[in-house]
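> Enclosed is the structure file data.cif (mmCIF, C-alpha atoms, pLDDT in the B column; chains and numbers go by the auth columns).
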data_protein
loop_
_atom_site.group_PDB
_atom_site.id
_atom_site.type_symbol
_atom_site.label_atom_id
_atom_site.label_comp_id
_atom_site.label_asym_id
_atom_site.label_seq_id
_atom_site.Cartn_x
_atom_site.Cartn_y
_atom_site.Cartn_z
_atom_site.B_iso_or_equiv
_atom_site.auth_seq_id
_atom_site.auth_asym_id
ATOM 1 C CA MET A 1 0.000 0.000 0.000 51.00 3 L
ATOM 2 C CA THR A 2 1.904 3.025 -1.296 54.00 4 L
ATOM 3 C CA THR A 3 0.368 6.353 -0.718 55.00 5 L
ATOM 4 C CA MET A 4 1.591 9.849 -1.439 53.00 6 L
ATOM 5 C CA GLU A 5 2.206 10.357 2.298 53.00 7 L
ATOM 6 C CA ASN A 6 4.553 7.317 2.461 53.00 8 L
ATOM 7 C CA ARG A 7 6.574 8.549 -0.549 53.00 9 L
ATOM 8 C CA ILE A 8 6.959 12.006 0.898 61.00 10 L
ATOM 9 C CA SER A 9 8.066 10.719 4.274 71.00 11 L
ATOM 10 C CA ARG A 10 10.535 8.266 2.649 70.00 12 L
ATOM 11 C CA ARG A 11 11.931 11.054 0.469 70.00 13 L
ATOM 12 C CA LEU A 12 12.159 13.390 3.468 70.00 14 L
ATOM 13 C CA ILE A 13 14.009 10.740 5.469 74.00 15 L
ATOM 14 C CA LEU A 14 16.519 10.138 2.662 71.00 16 L
ATOM 15 C CA GLN A 15 17.128 13.850 2.159 73.00 17 L
ATOM 16 C CA SER A 16 17.597 14.368 5.884 71.00 18 L
ATOM 17 C CA ALA A 17 20.054 11.475 6.078 71.00 19 L
ATOM 18 C CA GLY A 18 22.014 12.982 3.180 67.00 20 L
ATOM 19 C CA VAL A 19 22.199 16.373 4.879 66.00 21 L
ATOM 20 C CA VAL A 20 23.352 14.798 8.147 65.00 22 L
ATOM 21 C CA ALA A 21 26.058 12.820 6.298 65.00 23 L
ATOM 22 C CA LEU A 22 27.325 15.916 4.462 62.00 24 L
ATOM 23 C CA VAL A 23 27.420 17.994 7.630 60.00 25 L
ATOM 24 C CA GLY A 24 29.245 15.176 9.410 59.00 26 L
ATOM 25 C CA PHE A 25 31.897 14.936 6.673 57.00 27 L
ATOM 26 C CA GLY A 26 32.277 18.698 6.636 55.00 28 L
ATOM 27 C CA ASN A 27 33.451 18.589 10.222 54.00 29 L
ATOM 28 C CA ALA A 28 35.741 15.588 9.771 53.00 30 L
ATOM 29 C CA SER A 29 39.251 16.709 10.665 54.00 31 L
ATOM 30 C CA PHE A 30 40.766 13.416 9.489 53.00 32 L
ATOM 31 C CA LEU A 31 40.336 14.502 5.845 55.00 33 L
ATOM 32 C CA ALA A 32 42.350 17.714 6.219 56.00 34 L
ATOM 33 C CA PRO A 33 45.860 16.146 5.865 57.00 35 L
ATOM 34 C CA ALA A 34 44.813 14.239 2.738 54.00 36 L
ATOM 35 C CA PHE A 35 43.399 17.362 1.089 53.00 37 L
ATOM 36 C CA ALA A 36 46.491 19.384 2.057 53.00 38 L
ATOM 37 C CA ALA A 37 48.827 16.792 0.522 52.00 39 L
ATOM 38 C CA ALA A 38 46.710 16.599 -2.635 54.00 40 L
ATOM 39 C CA ASN A 39 46.948 20.365 -3.145 55.00 41 L
ATOM 40 C CA ASP A 40 50.754 20.620 -2.946 63.00 42 L
ATOM 41 C CA LYS A 41 52.468 22.194 -5.940 73.00 43 L
ATOM 42 C CA TYR A 42 53.769 19.714 -8.518 72.00 44 L
ATOM 43 C CA PRO A 43 57.616 19.810 -8.545 75.00 45 L
ATOM 44 C CA GLU A 44 57.868 20.273 -12.310 80.00 46 L
ATOM 45 C CA GLU A 45 61.524 21.384 -12.382 84.00 47 L
ATOM 46 C CA ALA A 46 62.669 18.416 -10.297 83.00 48 L
ATOM 47 C CA PHE A 47 61.025 15.989 -12.736 82.00 49 L
ATOM 48 C CA LYS A 48 62.912 17.589 -15.651 83.00 50 L
ATOM 49 C CA GLN A 49 66.399 16.997 -14.204 83.00 51 L
ATOM 50 C CA LYS A 50 68.628 14.389 -15.846 88.00 52 L
ATOM 51 C CA SER A 51 70.906 13.654 -12.858 88.00 53 L
ATOM 52 C CA ASP A 52 69.909 12.556 -9.390 88.00 54 L
ATOM 53 C CA THR A 53 71.965 15.290 -7.675 89.00 55 L
ATOM 54 C CA ASP A 54 70.276 17.997 -9.763 90.00 56 L
ATOM 55 C CA ALA A 55 66.840 16.504 -9.057 90.00 57 L
ATOM 56 C CA ILE A 56 67.509 16.415 -5.298 91.00 58 L
ATOM 57 C CA LYS A 57 68.792 19.983 -5.356 92.00 59 L
ATOM 58 C CA SER A 58 65.750 21.149 -7.340 88.00 60 L
ATOM 59 C CA LEU A 59 63.314 19.274 -5.103 90.00 61 L
ATOM 60 C CA TYR A 60 64.823 19.991 -1.683 91.00 62 L
ATOM 61 C CA GLY A 61 67.536 22.636 -2.155 91.00 63 L
ATOM 62 C CA LYS A 62 70.095 20.653 -0.123 91.00 64 L
ATOM 63 C CA THR A 63 72.011 17.375 -0.164 90.00 65 L
ATOM 64 C CA ALA A 64 71.232 14.117 1.623 92.00 66 L
ATOM 65 C CA GLU A 65 73.370 12.068 3.972 93.00 67 L
ATOM 66 C CA ALA A 66 73.287 8.250 4.045 93.00 68 L
ATOM 67 C CA SER A 67 71.290 6.696 6.887 94.00 69 L
ATOM 68 C CA ASP A 68 70.927 3.165 8.218 95.00 70 L
ATOM 69 C CA LYS A 69 67.431 4.048 9.500 96.00 71 L
ATOM 70 C CA ILE A 70 66.045 3.768 5.969 96.00 72 L
ATOM 71 C CA LYS A 71 65.217 0.292 4.709 97.00 73 L
ATOM 72 C CA LEU A 72 65.176 0.163 0.897 96.00 74 L
ATOM 73 C CA ASP A 73 63.902 -3.092 -0.621 96.00 75 L
ATOM 74 C CA ALA A 74 64.645 -3.659 -4.304 95.00 76 L
ATOM 75 C CA PRO A 75 65.615 -6.790 -6.232 95.00 77 L
ATOM 76 C CA GLU A 76 69.286 -7.539 -6.910 94.00 78 L
ATOM 77 C CA ILE A 77 68.351 -8.433 -10.497 93.00 79 L
ATOM 78 C CA ALA A 78 65.289 -7.124 -12.344 91.00 80 L
ATOM 79 C CA GLU A 79 64.411 -9.323 -15.295 88.00 81 L
ATOM 80 C CA ASN A 80 62.162 -6.632 -16.745 89.00 82 L
ATOM 81 C CA GLY A 81 63.095 -2.982 -16.245 89.00 83 L
ATOM 82 C CA ALA A 82 59.521 -1.921 -17.024 90.00 84 L
ATOM 83 C CA VAL A 83 58.284 -3.294 -13.685 92.00 85 L
ATOM 84 C CA VAL A 84 60.778 -3.138 -10.828 94.00 86 L
ATOM 85 C CA PRO A 85 59.211 -3.455 -7.356 95.00 87 L
ATOM 86 C CA VAL A 86 60.729 -1.142 -4.743 96.00 88 L
ATOM 87 C CA SER A 87 59.677 -0.244 -1.230 96.00 89 L
ATOM 88 C CA VAL A 88 61.026 1.902 1.562 96.00 90 L
ATOM 89 C CA THR A 89 60.372 2.169 5.270 95.00 91 L
ATOM 90 C CA ALA A 90 61.930 4.893 7.398 95.00 92 L
ATOM 91 C CA ALA A 91 62.567 4.586 11.133 94.00 93 L
ATOM 92 C CA LEU A 92 63.032 8.353 11.453 94.00 94 L
ATOM 93 C CA ALA A 93 60.918 10.863 13.361 93.00 95 L
ATOM 94 C CA ASP A 94 58.887 13.581 11.615 94.00 96 L
ATOM 95 C CA VAL A 95 59.143 12.227 8.045 95.00 97 L
ATOM 96 C CA THR A 96 57.608 14.764 5.642 94.00 98 L
ATOM 97 C CA SER A 97 58.540 13.344 2.218 94.00 99 L
ATOM 98 C CA ILE A 98 59.986 10.321 0.427 95.00 100 L
ATOM 99 C CA SER A 99 61.393 10.408 -3.113 94.00 101 L
ATOM 100 C CA PHE A 100 62.664 7.678 -5.464 95.00 102 L
ATOM 101 C CA LEU A 101 65.427 8.366 -8.011 94.00 103 L
ATOM 102 C CA VAL A 102 67.228 6.210 -10.588 94.00 104 L
ATOM 103 C CA SER A 103 70.647 7.513 -11.636 90.00 105 L
ATOM 104 C CA GLU A 104 70.778 6.065 -15.167 90.00 106 L
ATOM 105 C CA ASN A 105 67.204 6.815 -16.261 91.00 107 L
ATOM 106 C CA PRO A 106 66.547 9.538 -18.856 91.00 108 L
ATOM 107 C CA VAL A 107 64.824 11.484 -16.045 91.00 109 L
ATOM 108 C CA ALA A 108 66.275 10.720 -12.605 92.00 110 L
ATOM 109 C CA LEU A 109 63.301 11.512 -10.340 93.00 111 L
ATOM 110 C CA ILE A 110 60.797 8.659 -10.427 92.00 112 L
ATOM 111 C CA ALA A 111 58.330 9.607 -7.690 91.00 113 L
ATOM 112 C CA SER A 112 58.032 12.022 -4.781 92.00 114 L
ATOM 113 C CA TYR A 113 55.530 11.612 -1.958 92.00 115 L
ATOM 114 C CA LYS A 114 54.454 14.063 0.743 92.00 116 L
ATOM 115 C CA ILE A 115 53.920 12.221 4.027 92.00 117 L
ATOM 116 C CA PRO A 116 51.217 13.741 6.267 92.00 118 L
ATOM 117 C CA ALA A 117 51.962 14.015 9.996 90.00 119 L
ATOM 118 C CA GLY A 118 51.031 10.906 11.939 88.00 120 L
ATOM 119 C CA THR A 119 51.420 8.632 8.903 89.00 121 L
ATOM 120 C CA VAL A 120 53.676 5.565 8.885 92.00 122 L
ATOM 121 C CA PRO A 121 56.559 6.460 6.531 93.00 123 L
ATOM 122 C CA SER A 122 56.361 3.431 4.259 94.00 124 L
ATOM 123 C CA ILE A 123 55.953 3.452 0.459 94.00 125 L
ATOM 124 C CA ALA A 124 55.858 0.630 -2.090 95.00 126 L
ATOM 125 C CA ASN A 125 55.916 1.233 -5.832 93.00 127 L
ATOM 126 C CA ARG A 126 56.820 -0.314 -9.163 94.00 128 L
ATOM 127 C CA ILE A 127 59.258 1.749 -11.161 93.00 129 L
ATOM 128 C CA LYS A 128 60.770 1.706 -14.636 92.00 130 L
ATOM 129 C CA MET A 129 64.511 1.400 -15.121 92.00 131 L
ATOM 130 C CA ALA A 130 66.310 1.917 -18.424 88.00 132 L
ATOM 131 C CA LYS A 131 69.362 -0.129 -17.449 91.00 133 L
ATOM 132 C CA THR A 132 71.439 -1.328 -14.498 93.00 134 L
ATOM 133 C CA SER A 133 71.645 1.541 -12.055 93.00 135 L
ATOM 134 C CA ASN A 134 71.513 2.696 -8.471 94.00 136 L
ATOM 135 C CA VAL A 135 68.059 3.186 -6.989 95.00 137 L
ATOM 136 C CA LEU A 136 68.231 6.059 -4.531 95.00 138 L
ATOM 137 C CA VAL A 137 65.598 6.936 -1.974 96.00 139 L
ATOM 138 C CA VAL A 138 65.646 10.315 -0.233 96.00 140 L
ATOM 139 C CA VAL A 139 63.720 10.832 2.998 96.00 141 L
ATOM 140 C CA GLU A 140 63.103 14.280 4.456 95.00 142 L
ATOM 141 C CA ALA A 141 62.736 14.073 8.238 95.00 143 L
ATOM 142 C CA GLY A 142 63.004 16.801 10.830 93.00 144 L
ATOM 143 C CA GLY A 143 64.168 19.304 8.222 92.00 145 L
ATOM 144 C CA LYS A 144 67.151 17.134 7.154 95.00 146 L
ATOM 145 C CA LEU A 145 67.648 14.809 4.179 96.00 147 L
ATOM 146 C CA TYR A 146 68.633 11.175 4.515 97.00 148 L
ATOM 147 C CA SER A 147 69.226 8.596 1.794 95.00 149 L
ATOM 148 C CA ALA A 148 69.685 4.920 1.026 96.00 150 L
ATOM 149 C CA THR A 149 70.985 3.380 -2.198 96.00 151 L
ATOM 150 C CA LYS A 150 70.887 -0.050 -3.812 96.00 152 L
ATOM 151 C CA GLU A 151 72.180 -1.199 -7.177 95.00 153 L
ATOM 152 C CA VAL A 152 69.654 -3.069 -9.319 95.00 154 L
ATOM 153 C CA LYS A 153 70.880 -5.036 -12.328 94.00 155 L
ATOM 154 C CA VAL A 154 68.395 -4.835 -15.224 92.00 156 L
ATOM 155 C CA THR A 155 68.396 -7.539 -17.927 87.00 157 L
ATOM 156 C CA VAL A 156 65.731 -5.980 -20.207 76.00 158 L
ATOM 157 C CA GLY A 157 65.353 -2.164 -20.151 65.00 159 L
ATOM 158 C CA GLY A 158 61.989 -0.579 -19.403 61.00 160 L
ATOM 159 C CA CYS A 159 62.366 3.037 -20.518 64.00 161 L
ATOM 160 C CA GLY A 160 61.961 2.507 -24.220 53.00 162 L
ATOM 161 C CA GLY A 161 65.299 0.697 -24.572 48.00 163 L
#
Please lay out the structure from this file as structure tokens.


Amino acid sequence: MTTMENRISRRLILQSAGVVALVGFGNASFLAPAFAAANDKYPEEAFKQKSDTDAIKSLYGKTAEASDKIKLDAPEIAENGAVVPVSVTAALADVTSISFLVSENPVALIASYKIPAGTVPSIANRIKMAKTSNVLVVVEAGGKLYSATKEVKVTVGGCGG
């Protein structure tokens, strides 16, 4: 038995629930870090650099020092340079960014991530490598730069080669 009164009340209930949900999300402070990270300026100049030192300088404006508190996982030998799995975990306080670079690629900077406060500094990715090269990860923590490096031997290139 569907009457006009039942439809109106059902519609009113659904509209009210939608308004309550929107108001609730509007006050959600957990979304603020994600929106802030998504609105950061794209580091266009850093992604144009051919060498890893130039890319780091363009991205951060300073140099990195090696650290044993960064765990970089990458294969010793990559059979296909088009899909090389890499991951990094940092045991440093106040990590604000993590970047991946490959020295022998046509463009050295592969990826750069902003890490919101309170987030576990751990990133996993699949990268392309043109040929055997060092994979370098740079972690910005507490206003300083730290790095870890690992050589990956590539049998079949993945950057168009």

> Which of these, L:Gln51, L:Asn82, L:Asn127, L:Ser89, has the shortest distance to Lys152 of chain L once you count all atoms listed in the file?

L:Ser89

> Residues near segment 85-87 of chain L, anyone? I mean within 12 Å using all atoms listed in the file, not counting same-chain ones fewer than 5 positions away, as a ChimeraX atom specification.

/L:74-80,102,104,112,125-135,137,154-161

> Any chance you could resolve the PyMOL selection byres ((chain L and resi 108) around 8) against this file and give the residues as a ChimeraX atom specification?

/L:52,106-107,109-110,132,161

> Between atom CA of Ala48 of chain L and atom CA of Gly144 of chain L, what distance in Å does the model show, to one decimal?

21.2 Å

> Report, in Å to a single decimal, how far apart atom CA of Glu81 of chain L and atom CA of Pro123 of chain L are.

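Between atom CA of Pro123 of chain L and atom CA of Glu81 of chain L the gap works out to 28.1 Å.
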
> Rounded to one decimal in Å, what is the spacing between atom CA of Val97 of chain L and atom CA of Ser60 of chain L?

19.0 Å

> Using all atoms listed in the file, which of the listed residues (L:Gly63, L:Gly145, L:Pro45, L:Ala92) sits closest to Thr121 of chain L?

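Closest residue, counting all atoms listed in the file: L:Ala92.
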
> Apply the PyMOL selection byres ((chain L and resi 117) around 9) to the displayed file and report the matching residues as a VMD selection string.

chain L and resid 39 97 to 100 115 to 116 118 to 123

> Missing atoms in segment 84-102 of chain L should be modelled up to N, CA and C atoms and reported as a tab-separated table (two decimals), in the coordinates of the input.


chain	number	residue	atom	x	y	z
L	84	ALA	N	60.79	-2.65	-16.96
L	84	ALA	CA	59.52	-1.92	-17.02
L	84	ALA	C	58.73	-2.04	-15.72
L	85	VAL	N	59.02	-3.08	-14.93
L	85	VAL	CA	58.28	-3.29	-13.68
L	85	VAL	C	59.26	-3.76	-12.61
L	86	VAL	N	59.83	-2.82	-11.89
L	86	VAL	CA	60.78	-3.14	-10.83
L	86	VAL	C	60.13	-2.77	-9.49
L	87	PRO	N	59.84	-3.77	-8.64
L	87	PRO	CA	59.21	-3.46	-7.36
L	87	PRO	C	60.23	-2.89	-6.37
L	88	VAL	N	59.89	-1.76	-5.77
L	88	VAL	CA	60.73	-1.14	-4.74
L	88	VAL	C	59.84	-0.73	-3.58
L	89	SER	N	60.41	-0.73	-2.40
L	89	SER	CA	59.68	-0.24	-1.23
L	89	SER	C	60.67	0.35	-0.25
L	90	VAL	N	60.18	1.25	0.57
L	90	VAL	CA	61.03	1.90	1.56
L	90	VAL	C	60.23	2.09	2.84
L	91	THR	N	60.92	1.90	3.95
L	91	THR	CA	60.37	2.17	5.27
L	91	THR	C	61.42	2.96	6.03
L	92	ALA	N	61.00	4.03	6.67
L	92	ALA	CA	61.93	4.89	7.40
L	92	ALA	C	61.64	4.82	8.89
L	93	ALA	N	62.68	4.60	9.67
L	93	ALA	CA	62.57	4.59	11.13
L	93	ALA	C	63.08	5.92	11.68
L	94	LEU	N	62.64	7.00	11.06
L	94	LEU	CA	63.03	8.35	11.45
L	94	LEU	C	61.81	9.09	11.97
L	95	ALA	N	62.03	10.06	12.83
L	95	ALA	CA	60.92	10.86	13.36
L	95	ALA	C	60.60	12.02	12.43
L	96	ASP	N	59.35	12.41	12.37
L	96	ASP	CA	58.89	13.58	11.62
L	96	ASP	C	59.21	13.50	10.12
L	97	VAL	N	58.92	12.37	9.49
L	97	VAL	CA	59.14	12.23	8.04
L	97	VAL	C	58.09	13.04	7.31
L	98	THR	N	58.54	13.91	6.39
L	98	THR	CA	57.61	14.76	5.64
L	98	THR	C	57.56	14.42	4.16
L	99	SER	N	58.59	13.75	3.62
L	99	SER	CA	58.54	13.34	2.22
L	99	SER	C	59.49	12.19	1.95
L	100	ILE	N	59.15	11.43	0.90
L	100	ILE	CA	59.99	10.32	0.43
L	100	ILE	C	60.02	10.41	-1.09
L	101	SER	N	61.23	10.33	-1.66
L	101	SER	CA	61.39	10.41	-3.11
L	101	SER	C	62.26	9.26	-3.62
L	102	PHE	N	61.90	8.73	-4.81
L	102	PHE	CA	62.66	7.68	-5.46
L	102	PHE	C	63.37	8.27	-6.68
